[in-house]
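Enquirer: My file is input.txt. It has compact mmCIF, N, CA and C atoms:
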```txt
# COMPACT_ATOMS: atom_id res chain seq x y z
N MET A 1005 18.18 -0.47 10.38
CA MET A 1005 16.78 -0.50 10.77
C MET A 1005 15.92 -0.32 9.53
N GLY A 1006 14.88 -1.11 9.38
CA GLY A 1006 13.99 -1.02 8.23
C GLY A 1006 12.88 -0.03 8.45
N THR A 1007 12.38 0.49 7.36
CA THR A 1007 11.19 1.34 7.38
C THR A 1007 10.02 0.45 7.02
N ARG A 1008 9.24 0.09 8.03
CA ARG A 1008 8.18 -0.89 7.86
C ARG A 1008 6.90 -0.24 7.33
N SER A 1009 6.12 -1.04 6.60
CA SER A 1009 4.84 -0.55 6.11
C SER A 1009 3.81 -1.67 6.06
N LEU A 1010 2.56 -1.26 6.09
CA LEU A 1010 1.44 -2.16 5.88
C LEU A 1010 0.71 -1.67 4.63
N THR A 1011 0.28 -2.59 3.80
CA THR A 1011 -0.54 -2.26 2.64
C THR A 1011 -1.83 -3.04 2.73
N PHE A 1012 -2.94 -2.31 2.81
CA PHE A 1012 -4.26 -2.91 2.87
C PHE A 1012 -4.93 -2.73 1.51
N VAL A 1013 -5.56 -3.78 1.01
CA VAL A 1013 -6.38 -3.72 -0.20
C VAL A 1013 -7.81 -4.00 0.25
N TYR A 1014 -8.74 -3.20 -0.26
CA TYR A 1014 -10.14 -3.27 0.18
C TYR A 1014 -11.06 -3.77 -0.93
N HIS A 1015 -12.05 -4.54 -0.53
CA HIS A 1015 -13.18 -4.88 -1.38
C HIS A 1015 -14.35 -4.14 -0.76
N GLY A 1016 -14.80 -3.08 -1.41
CA GLY A 1016 -15.78 -2.19 -0.77
C GLY A 1016 -15.09 -1.48 0.39
N LYS A 1017 -15.68 -1.58 1.57
CA LYS A 1017 -15.10 -0.94 2.75
C LYS A 1017 -14.35 -1.91 3.65
N LYS A 1018 -14.28 -3.18 3.22
CA LYS A 1018 -13.65 -4.21 4.06
C LYS A 1018 -12.26 -4.57 3.52
N PRO A 1019 -11.25 -4.56 4.41
CA PRO A 1019 -9.92 -4.98 3.96
C PRO A 1019 -9.89 -6.48 3.69
N ILE A 1020 -9.25 -6.87 2.59
CA ILE A 1020 -9.15 -8.29 2.25
C ILE A 1020 -7.72 -8.80 2.34
N ILE A 1021 -6.78 -7.89 2.47
CA ILE A 1021 -5.37 -8.30 2.61
C ILE A 1021 -4.63 -7.23 3.40
N ASN A 1022 -3.65 -7.68 4.16
CA ASN A 1022 -2.75 -6.80 4.90
C ASN A 1022 -1.34 -7.32 4.63
N MET A 1023 -0.62 -6.61 3.77
CA MET A 1023 0.74 -7.02 3.40
C MET A 1023 1.75 -6.16 4.16
N TYR A 1024 2.58 -6.82 4.93
CA TYR A 1024 3.62 -6.17 5.72
C TYR A 1024 4.92 -6.17 4.93
N ARG A 1025 5.58 -5.02 4.89
CA ARG A 1025 6.89 -4.91 4.24
C ARG A 1025 7.90 -4.51 5.30
N GLN A 1026 8.96 -5.27 5.44
CA GLN A 1026 9.95 -5.10 6.49
C GLN A 1026 10.83 -3.86 6.31
N TYR A 1027 11.19 -3.56 5.07
CA TYR A 1027 12.06 -2.40 4.83
C TYR A 1027 11.69 -1.69 3.54
N ASP A 1028 12.18 -0.47 3.37
CA ASP A 1028 11.87 0.40 2.22
C ASP A 1028 10.39 0.75 2.15
N GLY A 1029 9.73 0.93 3.28
CA GLY A 1029 8.31 1.21 3.32
C GLY A 1029 7.92 2.67 3.14
N TYR A 1030 8.86 3.57 3.01
CA TYR A 1030 8.58 4.99 2.88
C TYR A 1030 7.96 5.28 1.50
N PRO A 1031 7.31 6.44 1.33
CA PRO A 1031 6.61 6.74 0.08
C PRO A 1031 7.48 6.68 -1.18
N ASN A 1032 8.72 7.12 -1.12
CA ASN A 1032 9.53 7.06 -2.35
C ASN A 1032 10.17 5.68 -2.54
N GLY A 1033 9.91 4.75 -1.64
CA GLY A 1033 10.33 3.35 -1.77
C GLY A 1033 9.12 2.50 -2.11
N HIS A 1034 8.41 2.05 -1.08
CA HIS A 1034 7.24 1.20 -1.28
C HIS A 1034 6.14 1.93 -2.05
N GLY A 1035 5.93 3.20 -1.73
CA GLY A 1035 4.92 3.97 -2.46
C GLY A 1035 5.19 3.99 -3.95
N ALA A 1036 6.43 4.27 -4.33
CA ALA A 1036 6.81 4.29 -5.75
C ALA A 1036 6.66 2.90 -6.37
N ASP A 1037 6.99 1.86 -5.60
CA ASP A 1037 6.82 0.49 -6.09
C ASP A 1037 5.33 0.18 -6.33
N LEU A 1038 4.46 0.68 -5.43
CA LEU A 1038 3.02 0.49 -5.62
C LEU A 1038 2.54 1.21 -6.87
N VAL A 1039 3.04 2.43 -7.10
CA VAL A 1039 2.67 3.18 -8.31
C VAL A 1039 3.04 2.37 -9.54
N ASP A 1040 4.27 1.86 -9.58
CA ASP A 1040 4.72 1.06 -10.73
C ASP A 1040 3.81 -0.15 -10.95
N PHE A 1041 3.47 -0.85 -9.88
CA PHE A 1041 2.63 -2.03 -9.98
C PHE A 1041 1.23 -1.68 -10.47
N LEU A 1042 0.59 -0.71 -9.82
CA LEU A 1042 -0.79 -0.35 -10.16
C LEU A 1042 -0.90 0.25 -11.56
N ALA A 1043 0.11 1.01 -11.96
CA ALA A 1043 0.07 1.68 -13.27
C ALA A 1043 0.18 0.68 -14.44
N LYS A 1044 0.70 -0.50 -14.16
CA LYS A 1044 0.87 -1.50 -15.23
C LYS A 1044 -0.40 -2.29 -15.51
N GLY A 1045 -1.44 -2.06 -14.73
CA GLY A 1045 -2.66 -2.83 -14.91
C GLY A 1045 -3.88 -1.95 -14.95
N LYS A 1046 -5.00 -2.59 -15.25
CA LYS A 1046 -6.28 -1.90 -15.34
C LYS A 1046 -7.28 -2.70 -14.53
N LEU A 1047 -8.05 -2.01 -13.69
CA LEU A 1047 -9.08 -2.66 -12.88
C LEU A 1047 -10.30 -2.89 -13.76
N VAL A 1048 -10.74 -4.15 -13.86
CA VAL A 1048 -11.86 -4.51 -14.72
C VAL A 1048 -12.83 -5.41 -13.97
N ASN A 1049 -13.97 -5.64 -14.57
CA ASN A 1049 -14.93 -6.62 -14.08
C ASN A 1049 -15.04 -7.68 -15.18
N GLY A 1050 -14.23 -8.70 -15.10
CA GLY A 1050 -14.15 -9.71 -16.14
C GLY A 1050 -12.78 -9.64 -16.78
N VAL A 1051 -12.35 -10.70 -17.37
CA VAL A 1051 -11.03 -10.76 -17.97
C VAL A 1051 -11.08 -10.12 -19.36
N GLY A 1052 -10.11 -9.29 -19.65
CA GLY A 1052 -10.06 -8.60 -20.93
C GLY A 1052 -8.82 -8.96 -21.70
N ALA A 1053 -8.60 -8.27 -22.77
CA ALA A 1053 -7.47 -8.55 -23.66
C ALA A 1053 -6.26 -7.69 -23.35
N ASP A 1054 -6.37 -6.81 -22.36
CA ASP A 1054 -5.24 -5.95 -22.01
C ASP A 1054 -4.06 -6.78 -21.53
N THR A 1055 -2.88 -6.18 -21.54
CA THR A 1055 -1.68 -6.87 -21.10
C THR A 1055 -1.83 -7.36 -19.66
N ARG A 1056 -2.19 -6.48 -18.76
CA ARG A 1056 -2.41 -6.88 -17.37
C ARG A 1056 -3.72 -6.27 -16.90
N VAL A 1057 -4.58 -7.12 -16.37
CA VAL A 1057 -5.82 -6.64 -15.79
C VAL A 1057 -5.94 -7.18 -14.37
N PHE A 1058 -6.64 -6.42 -13.54
CA PHE A 1058 -6.98 -6.84 -12.19
C PHE A 1058 -8.48 -7.08 -12.22
N ASN A 1059 -8.90 -8.34 -12.20
CA ASN A 1059 -10.32 -8.68 -12.27
C ASN A 1059 -10.94 -8.51 -10.88
N GLY A 1060 -11.07 -7.26 -10.47
CA GLY A 1060 -11.58 -6.93 -9.15
C GLY A 1060 -10.46 -6.79 -8.14
N MET A 1061 -10.82 -6.36 -6.95
CA MET A 1061 -9.83 -6.07 -5.92
C MET A 1061 -9.20 -7.35 -5.35
N GLY A 1062 -9.92 -8.46 -5.34
CA GLY A 1062 -9.34 -9.73 -4.87
C GLY A 1062 -8.23 -10.19 -5.80
N CYS A 1063 -8.44 -10.04 -7.09
CA CYS A 1063 -7.42 -10.38 -8.09
C CYS A 1063 -6.21 -9.44 -7.95
N LEU A 1064 -6.50 -8.16 -7.73
CA LEU A 1064 -5.41 -7.19 -7.53
C LEU A 1064 -4.58 -7.59 -6.31
N ALA A 1065 -5.24 -7.95 -5.20
CA ALA A 1065 -4.53 -8.33 -3.98
C ALA A 1065 -3.62 -9.53 -4.21
N ALA A 1066 -4.11 -10.52 -4.93
CA ALA A 1066 -3.29 -11.72 -5.21
C ALA A 1066 -2.09 -11.36 -6.08
N GLN A 1067 -2.30 -10.54 -7.09
CA GLN A 1067 -1.19 -10.14 -7.96
C GLN A 1067 -0.20 -9.25 -7.23
N LEU A 1068 -0.69 -8.44 -6.28
CA LEU A 1068 0.19 -7.58 -5.48
C LEU A 1068 1.19 -8.43 -4.71
N VAL A 1069 0.71 -9.47 -4.04
CA VAL A 1069 1.59 -10.35 -3.28
C VAL A 1069 2.57 -11.04 -4.21
N ALA A 1070 2.06 -11.57 -5.33
CA ALA A 1070 2.93 -12.26 -6.29
C ALA A 1070 4.01 -11.32 -6.83
N ASN A 1071 3.68 -10.07 -7.01
CA ASN A 1071 4.63 -9.09 -7.53
C ASN A 1071 5.73 -8.77 -6.52
N PHE A 1072 5.38 -8.63 -5.26
CA PHE A 1072 6.34 -8.18 -4.25
C PHE A 1072 7.11 -9.31 -3.58
N LYS A 1073 6.54 -10.49 -3.49
CA LYS A 1073 7.18 -11.59 -2.76
C LYS A 1073 8.11 -12.36 -3.68
N ASP A 1074 9.42 -12.35 -3.34
CA ASP A 1074 10.39 -13.03 -4.22
C ASP A 1074 11.33 -13.95 -3.45
N GLY A 1075 10.96 -14.36 -2.27
CA GLY A 1075 11.80 -15.24 -1.48
C GLY A 1075 11.51 -15.04 0.00
N ALA A 1076 12.34 -15.63 0.84
CA ALA A 1076 12.14 -15.52 2.29
C ALA A 1076 12.38 -14.09 2.76
N GLY A 1077 11.59 -13.66 3.74
CA GLY A 1077 11.78 -12.36 4.36
C GLY A 1077 11.09 -11.22 3.64
N ASN A 1078 11.19 -10.05 4.21
CA ASN A 1078 10.72 -8.75 3.76
C ASN A 1078 9.21 -8.63 3.62
N ILE A 1079 8.54 -9.50 2.87
CA ILE A 1079 7.10 -9.39 2.64
C ILE A 1079 6.38 -10.52 3.39
N TYR A 1080 5.38 -10.12 4.20
CA TYR A 1080 4.61 -11.08 4.99
C TYR A 1080 3.13 -10.72 4.89
N LEU A 1081 2.26 -11.69 5.08
CA LEU A 1081 0.84 -11.43 5.16
C LEU A 1081 0.41 -11.52 6.62
N TYR A 1082 -0.29 -10.50 7.07
CA TYR A 1082 -0.82 -10.45 8.43
C TYR A 1082 -2.34 -10.43 8.35
N PRO A 1083 -2.99 -10.80 9.43
CA PRO A 1083 -4.46 -10.69 9.45
C PRO A 1083 -4.87 -9.23 9.21
N VAL A 1084 -6.00 -9.04 8.55
CA VAL A 1084 -6.46 -7.67 8.27
C VAL A 1084 -6.82 -6.92 9.55
N THR A 1085 -6.99 -7.64 10.64
CA THR A 1085 -7.29 -7.00 11.92
C THR A 1085 -6.04 -6.50 12.63
N SER A 1086 -4.85 -6.87 12.16
CA SER A 1086 -3.59 -6.41 12.77
C SER A 1086 -3.39 -4.94 12.43
N LYS A 1087 -3.29 -4.12 13.45
CA LYS A 1087 -3.16 -2.68 13.23
C LYS A 1087 -1.83 -2.13 13.73
N ASP A 1088 -1.16 -2.83 14.63
CA ASP A 1088 0.11 -2.33 15.17
C ASP A 1088 1.19 -3.37 14.91
N CYS A 1089 1.88 -3.21 13.80
CA CYS A 1089 2.94 -4.14 13.42
C CYS A 1089 4.29 -3.42 13.38
N GLY A 1090 4.39 -2.33 14.11
CA GLY A 1090 5.62 -1.54 14.09
C GLY A 1090 5.80 -0.76 12.81
N GLN A 1091 4.70 -0.51 12.09
CA GLN A 1091 4.79 0.15 10.80
C GLN A 1091 5.05 1.65 10.93
N ASP A 1092 5.86 2.14 10.02
CA ASP A 1092 6.10 3.57 9.91
C ASP A 1092 5.05 4.21 9.00
N TYR A 1093 4.60 3.46 7.99
CA TYR A 1093 3.61 3.95 7.03
C TYR A 1093 2.56 2.89 6.79
N GLU A 1094 1.36 3.36 6.42
CA GLU A 1094 0.28 2.49 5.98
C GLU A 1094 -0.22 2.99 4.64
N TYR A 1095 -0.47 2.04 3.74
CA TYR A 1095 -1.03 2.32 2.42
C TYR A 1095 -2.37 1.59 2.33
N HIS A 1096 -3.41 2.31 1.93
CA HIS A 1096 -4.74 1.73 1.80
C HIS A 1096 -5.20 1.93 0.36
N ILE A 1097 -5.54 0.82 -0.31
CA ILE A 1097 -5.91 0.87 -1.72
C ILE A 1097 -7.38 0.46 -1.86
N TYR A 1098 -8.17 1.38 -2.42
CA TYR A 1098 -9.60 1.18 -2.63
C TYR A 1098 -9.91 1.27 -4.12
N GLU A 1099 -11.01 0.65 -4.52
CA GLU A 1099 -11.50 0.85 -5.87
C GLU A 1099 -12.21 2.20 -5.92
N ASP A 1100 -11.91 2.98 -6.95
CA ASP A 1100 -12.59 4.25 -7.20
C ASP A 1100 -13.54 4.02 -8.36
N GLU A 1101 -14.77 3.62 -8.04
CA GLU A 1101 -15.73 3.25 -9.08
C GLU A 1101 -16.11 4.42 -9.98
N GLU A 1102 -16.16 5.62 -9.42
CA GLU A 1102 -16.53 6.80 -10.21
C GLU A 1102 -15.53 7.06 -11.34
N ASN A 1103 -14.26 6.87 -11.04
CA ASN A 1103 -13.21 7.20 -12.01
C ASN A 1103 -12.56 5.96 -12.63
N ASN A 1104 -13.16 4.79 -12.38
CA ASN A 1104 -12.66 3.54 -12.96
C ASN A 1104 -11.17 3.35 -12.67
N GLY A 1105 -10.81 3.48 -11.42
CA GLY A 1105 -9.40 3.35 -11.03
C GLY A 1105 -9.27 3.07 -9.55
N PHE A 1106 -8.28 3.71 -8.93
CA PHE A 1106 -7.95 3.47 -7.53
C PHE A 1106 -7.97 4.75 -6.73
N LYS A 1107 -8.31 4.59 -5.45
CA LYS A 1107 -8.13 5.65 -4.47
C LYS A 1107 -7.11 5.12 -3.48
N ILE A 1108 -6.09 5.92 -3.20
CA ILE A 1108 -5.03 5.51 -2.29
C ILE A 1108 -4.98 6.50 -1.12
N VAL A 1109 -4.86 5.96 0.07
CA VAL A 1109 -4.72 6.76 1.29
C VAL A 1109 -3.45 6.31 1.99
N VAL A 1110 -2.63 7.27 2.43
CA VAL A 1110 -1.36 6.96 3.10
C VAL A 1110 -1.35 7.63 4.46
N TYR A 1111 -0.91 6.88 5.47
CA TYR A 1111 -0.77 7.40 6.83
C TYR A 1111 0.68 7.31 7.26
N ASN A 1112 1.15 8.34 7.95
CA ASN A 1112 2.44 8.31 8.62
C ASN A 1112 2.15 7.90 10.06
N CYS A 1113 2.73 6.80 10.49
CA CYS A 1113 2.45 6.25 11.82
C CYS A 1113 3.51 6.63 12.84
N GLY A 1114 4.41 7.52 12.48
CA GLY A 1114 5.44 7.95 13.40
C GLY A 1114 6.67 7.08 13.32
N VAL A 1115 7.61 7.37 14.16
CA VAL A 1115 8.87 6.64 14.15
C VAL A 1115 8.72 5.38 14.99
N ASN A 1116 9.16 4.27 14.42
CA ASN A 1116 9.12 2.99 15.12
C ASN A 1116 10.54 2.44 15.22
N PHE A 1117 10.77 1.64 16.22
CA PHE A 1117 12.10 1.10 16.44
C PHE A 1117 11.99 -0.39 16.72
N PHE A 1118 12.44 -1.20 15.79
CA PHE A 1118 12.41 -2.66 15.92
C PHE A 1118 11.05 -3.18 16.38
N GLY A 1119 10.00 -2.66 15.72
CA GLY A 1119 8.66 -3.15 15.99
C GLY A 1119 7.98 -2.56 17.21
N LEU A 1120 8.67 -1.72 17.94
CA LEU A 1120 8.07 -1.09 19.11
C LEU A 1120 7.64 0.31 18.75
N THR A 1121 6.35 0.59 18.85
CA THR A 1121 5.84 1.90 18.47
C THR A 1121 6.37 2.95 19.44
N GLN A 1122 6.99 3.96 18.87
CA GLN A 1122 7.54 5.05 19.68
C GLN A 1122 6.63 6.27 19.62
N SER A 1123 5.51 6.16 18.93
CA SER A 1123 4.63 7.29 18.74
C SER A 1123 3.20 6.81 18.58
N GLU A 1124 2.27 7.62 18.99
CA GLU A 1124 0.85 7.33 18.76
C GLU A 1124 0.36 8.02 17.50
N GLN A 1125 1.29 8.55 16.73
CA GLN A 1125 0.96 9.27 15.51
C GLN A 1125 0.28 8.35 14.50
N HIS A 1126 -0.72 8.86 13.84
CA HIS A 1126 -1.39 8.15 12.75
C HIS A 1126 -2.01 9.22 11.87
N ASP A 1127 -1.15 9.98 11.18
CA ASP A 1127 -1.57 11.14 10.42
C ASP A 1127 -1.75 10.81 8.95
N LYS A 1128 -2.90 11.19 8.40
CA LYS A 1128 -3.13 11.02 6.97
C LYS A 1128 -2.25 12.03 6.25
N ILE A 1129 -1.36 11.53 5.37
CA ILE A 1129 -0.47 12.43 4.64
C ILE A 1129 -0.78 12.46 3.15
N PHE A 1130 -1.68 11.58 2.71
CA PHE A 1130 -2.08 11.61 1.30
C PHE A 1130 -3.42 10.91 1.13
N GLU A 1131 -4.24 11.44 0.21
CA GLU A 1131 -5.45 10.78 -0.26
C GLU A 1131 -5.71 11.26 -1.68
N GLY A 1132 -5.82 10.32 -2.61
CA GLY A 1132 -6.07 10.71 -3.98
C GLY A 1132 -6.03 9.53 -4.93
N ASN A 1133 -6.02 9.85 -6.23
CA ASN A 1133 -5.99 8.81 -7.27
C ASN A 1133 -4.56 8.39 -7.59
N LEU A 1134 -4.41 7.49 -8.52
CA LEU A 1134 -3.10 6.93 -8.84
C LEU A 1134 -2.14 7.98 -9.38
N LEU A 1135 -2.60 8.86 -10.25
CA LEU A 1135 -1.75 9.90 -10.80
C LEU A 1135 -1.27 10.84 -9.70
N GLN A 1136 -2.16 11.24 -8.82
CA GLN A 1136 -1.79 12.10 -7.69
C GLN A 1136 -0.83 11.38 -6.75
N PHE A 1137 -1.05 10.08 -6.56
CA PHE A 1137 -0.17 9.28 -5.71
C PHE A 1137 1.24 9.22 -6.30
N ALA A 1138 1.33 9.06 -7.61
CA ALA A 1138 2.64 9.05 -8.28
C ALA A 1138 3.36 10.38 -8.04
N GLU A 1139 2.64 11.47 -8.15
CA GLU A 1139 3.24 12.79 -7.92
C GLU A 1139 3.67 12.94 -6.46
N PHE A 1140 2.84 12.46 -5.54
CA PHE A 1140 3.16 12.52 -4.12
C PHE A 1140 4.44 11.74 -3.81
N CYS A 1141 4.54 10.52 -4.33
CA CYS A 1141 5.71 9.69 -4.07
C CYS A 1141 6.97 10.29 -4.67
N SER A 1142 6.84 10.89 -5.82
CA SER A 1142 7.97 11.55 -6.48
C SER A 1142 8.41 12.78 -5.67
N ALA A 1143 7.45 13.55 -5.19
CA ALA A 1143 7.75 14.74 -4.39
C ALA A 1143 8.40 14.35 -3.07
N GLU A 1144 7.97 13.23 -2.49
CA GLU A 1144 8.56 12.75 -1.23
C GLU A 1144 10.04 12.44 -1.40
N GLU A 1145 10.43 12.01 -2.58
CA GLU A 1145 11.84 11.71 -2.84
C GLU A 1145 12.67 12.99 -2.82
N LEU A 1146 12.07 14.10 -3.24
CA LEU A 1146 12.78 15.37 -3.27
C LEU A 1146 12.81 16.05 -1.92
N ALA A 1147 11.90 15.66 -1.02
CA ALA A 1147 11.81 16.31 0.29
C ALA A 1147 12.99 16.00 1.17
```
Take the structure in the file and write it out as structure tokens.
Expert:
Amino acid sequence: MGTRSLTFVYHGKKPIINMYRQYDGYPNGHGADLVDFLAKGKLVNGVGADTRVFNGMGCLAAQLVANFKDGAGNIYLYPVTSKDCGQDYEYHIYEDEENNGFKIVVYNCGVNFFGLTQSEQHDKIFEGNLLQFAEFCSAEELA
């Protein structure tokens, strides 16, 4: 059985992408993968000379899909209005304009079984910046 997750990327307060991951969606799996991806780039307004830049949240969303999708299965795009996809976890990525980076929010959606929600749980288990998110995902591995 896979640990499913949804990853939403926002432009302002509106989601622009909903990426579904079929398995390894837990914080020390998908969360750690998100940390690795986000840490390798810098959010900018305009193209710069850095190795990897995300020219706004739309550019980040496109690169996120390109980074995670490597063949048939596992990664899918769903409408941003889809809220119940049998996900165990949800990751929400926002621009943090004050700190020139990202704000990440993670929800535990309870235990799911083959896409059938077994719980009405939707508990926020993390909210913070990228460095805090990296620490959270690392701590989740030890739990």
Enquirer: Interatomic distance between atom C of Thr1085 in chain A and atom N of Asn1022 in chain A?
Expert: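 Taking atom C of Thr1085 in chain A and atom N of Asn1022 in chain A, their separation equals 8.9 Å.
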Enquirer: Determine the nearest neighbour of Met1061 in chain A from the options A:Ile1020, A:Ile1108, A:Ile1129, A:Val1084, counting all atoms listed in the file.
Expert: A:Ile1020
Enquirer: With only C-alpha atoms as the counted atoms, please give the residues lying no more than 10 Å from Val1069 in chain A, apart from itself and same-chain residues fewer than 5 positions off, as a list in words.
Expert: Ile1021, Asn1022, Met1023, Leu1064, Asp1074, Ile1079, Tyr1080 and Leu1081 of chain A
Enquirer: Hey, what does DSSP flag as alpha helix (DSSP H) within range 1046-1100 of chain A? Can you give it to me as an NGL selection string?
Expert: :A and (1061-1072)
Enquirer: Which residue is closest to Arg1025 in chain A? Choose from A:Gln1091, A:Val1013, A:Gln1067, A:Ala1076 and count only C-alpha atoms.
Expert: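 Among the listed residues, the smallest separation from Arg1025 in chain A belongs to A:Gln1091.
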Enquirer: Among chain A, which ones does DSSP place in strand (DSSP E), written as a PyMOL selection string?
Expert: chain A and resi 1009-1015+1018-1025+1046-1048+1057-1059+1079-1082+1093-1100+1105-1112+1116-1117+1120-1121+1127-1133
Enquirer: Kindly extract all protein, DNA and RNA residues lying within 5 Å of the coordinates (9.0, 0.6, 3.5) given in the file, considering all atoms listed in the file, and supply them as a list in words.
Expert: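 In the file's frame, the residues around the point are Thr1007, Arg1008, Ser1009, Tyr1027, Asp1028, Gly1029, Tyr1030 and His1034 of chain A.
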Enquirer: Hey, can you check how far CA of Glu1139 in chain A sits from atom N of Leu1038 in chain A?
Expert: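 Taking CA of Glu1139 in chain A as the start and atom N of Leu1038 in chain A as the end point, the length is 12.4 Å.
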Enquirer: For Leu1042 in chain A, which of A:His1096, A:Leu1134, A:Ala1066, A:Gly1016 is the closest residue, counting only N, CA and C atoms?
Expert: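 Using only N, CA and C atoms, Leu1042 in chain A sits closest to A:Leu1134.
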Enquirer: What is the atom C of Asp1092 in chain A-atom N of Gln1136 in chain A distance in Å, reported with one decimal?
Expert: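 Answer for the atom C of Asp1092 in chain A to atom N of Gln1136 in chain A separation: 20.5 Å.
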Enquirer: At a cut-off of 6.5 Å, using only N, CA and C atoms, what residues contact Gly1105 in chain A? Leave out same-chain residues fewer than 6 positions from it and give the result as a PyMOL selection string.
Expert: chain A and resi 1047+1098-1099
Enquirer: Would you mind exporting N, CA and C atoms of the selected residues as an mmCIF file, in the coordinates of the input?
Expert:
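So out_37.cif came out as:
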```
data_model
loop_
_atom_site.group_PDB
_atom_site.id
_atom_site.type_symbol
_atom_site.label_atom_id
_atom_site.label_comp_id
_atom_site.auth_asym_id
_atom_site.auth_seq_id
_atom_site.Cartn_x
_atom_site.Cartn_y
_atom_site.Cartn_z
ATOM 1 N N LEU A 1047 -8.050 -2.010 -13.690
ATOM 2 C CA LEU A 1047 -9.080 -2.660 -12.880
ATOM 3 C C LEU A 1047 -10.300 -2.890 -13.760
ATOM 4 N N TYR A 1098 -8.170 1.380 -2.420
ATOM 5 C CA TYR A 1098 -9.600 1.180 -2.630
ATOM 6 C C TYR A 1098 -9.910 1.270 -4.120
ATOM 7 N N GLU A 1099 -11.010 0.650 -4.520
ATOM 8 C CA GLU A 1099 -11.500 0.850 -5.870
ATOM 9 C C GLU A 1099 -12.210 2.200 -5.920
#
```
Enquirer: Just checking: using all atoms listed in the file, which residue out of A:Gly1006, A:Pro1031, A:Gly1062, A:Pro1019 ends up closest to Cys1141 in chain A?
Expert: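 Of A:Gly1006, A:Pro1031, A:Gly1062, A:Pro1019, the one nearest Cys1141 in chain A is A:Pro1031, counting all atoms listed in the file.
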Enquirer: Report the centre and edge lengths, in Å to one decimal, of an axis-aligned box enclosing every atom of range 1005-1022 of chain A listed in the file, padded by 8 Å on each side, as AutoDock Vina command-line options.
Expert:
```
--center_x 1.2 --center_y -3.7 --center_z 4.7 --size_x 50.0 --size_y 26.1 --size_z 28.2
```
Enquirer: Report as a ChimeraX atom specification all protein, DNA and RNA residues lying within 6.5 Å of Ile1097 in chain A, evaluated on all atoms listed in the file, omitting residues in the same chain fewer than 3 positions from it.
Expert: /A:1011-1014,1106-1109
Enquirer: Nearest to Val1110 in chain A: which of A:Gln1125, A:Thr1055, A:Phe1130, A:Gly1060 is it, counting only N, CA and C atoms?
Expert: A:Phe1130
Enquirer: Using all atoms listed in the file for the distances, tell me which of A:Tyr1082, A:Tyr1095, A:Val1051, A:Ala1070 is nearest to Tyr1024 in chain A.
Expert: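 Answer, going by the shortest atom-to-atom distance: A:Tyr1082.
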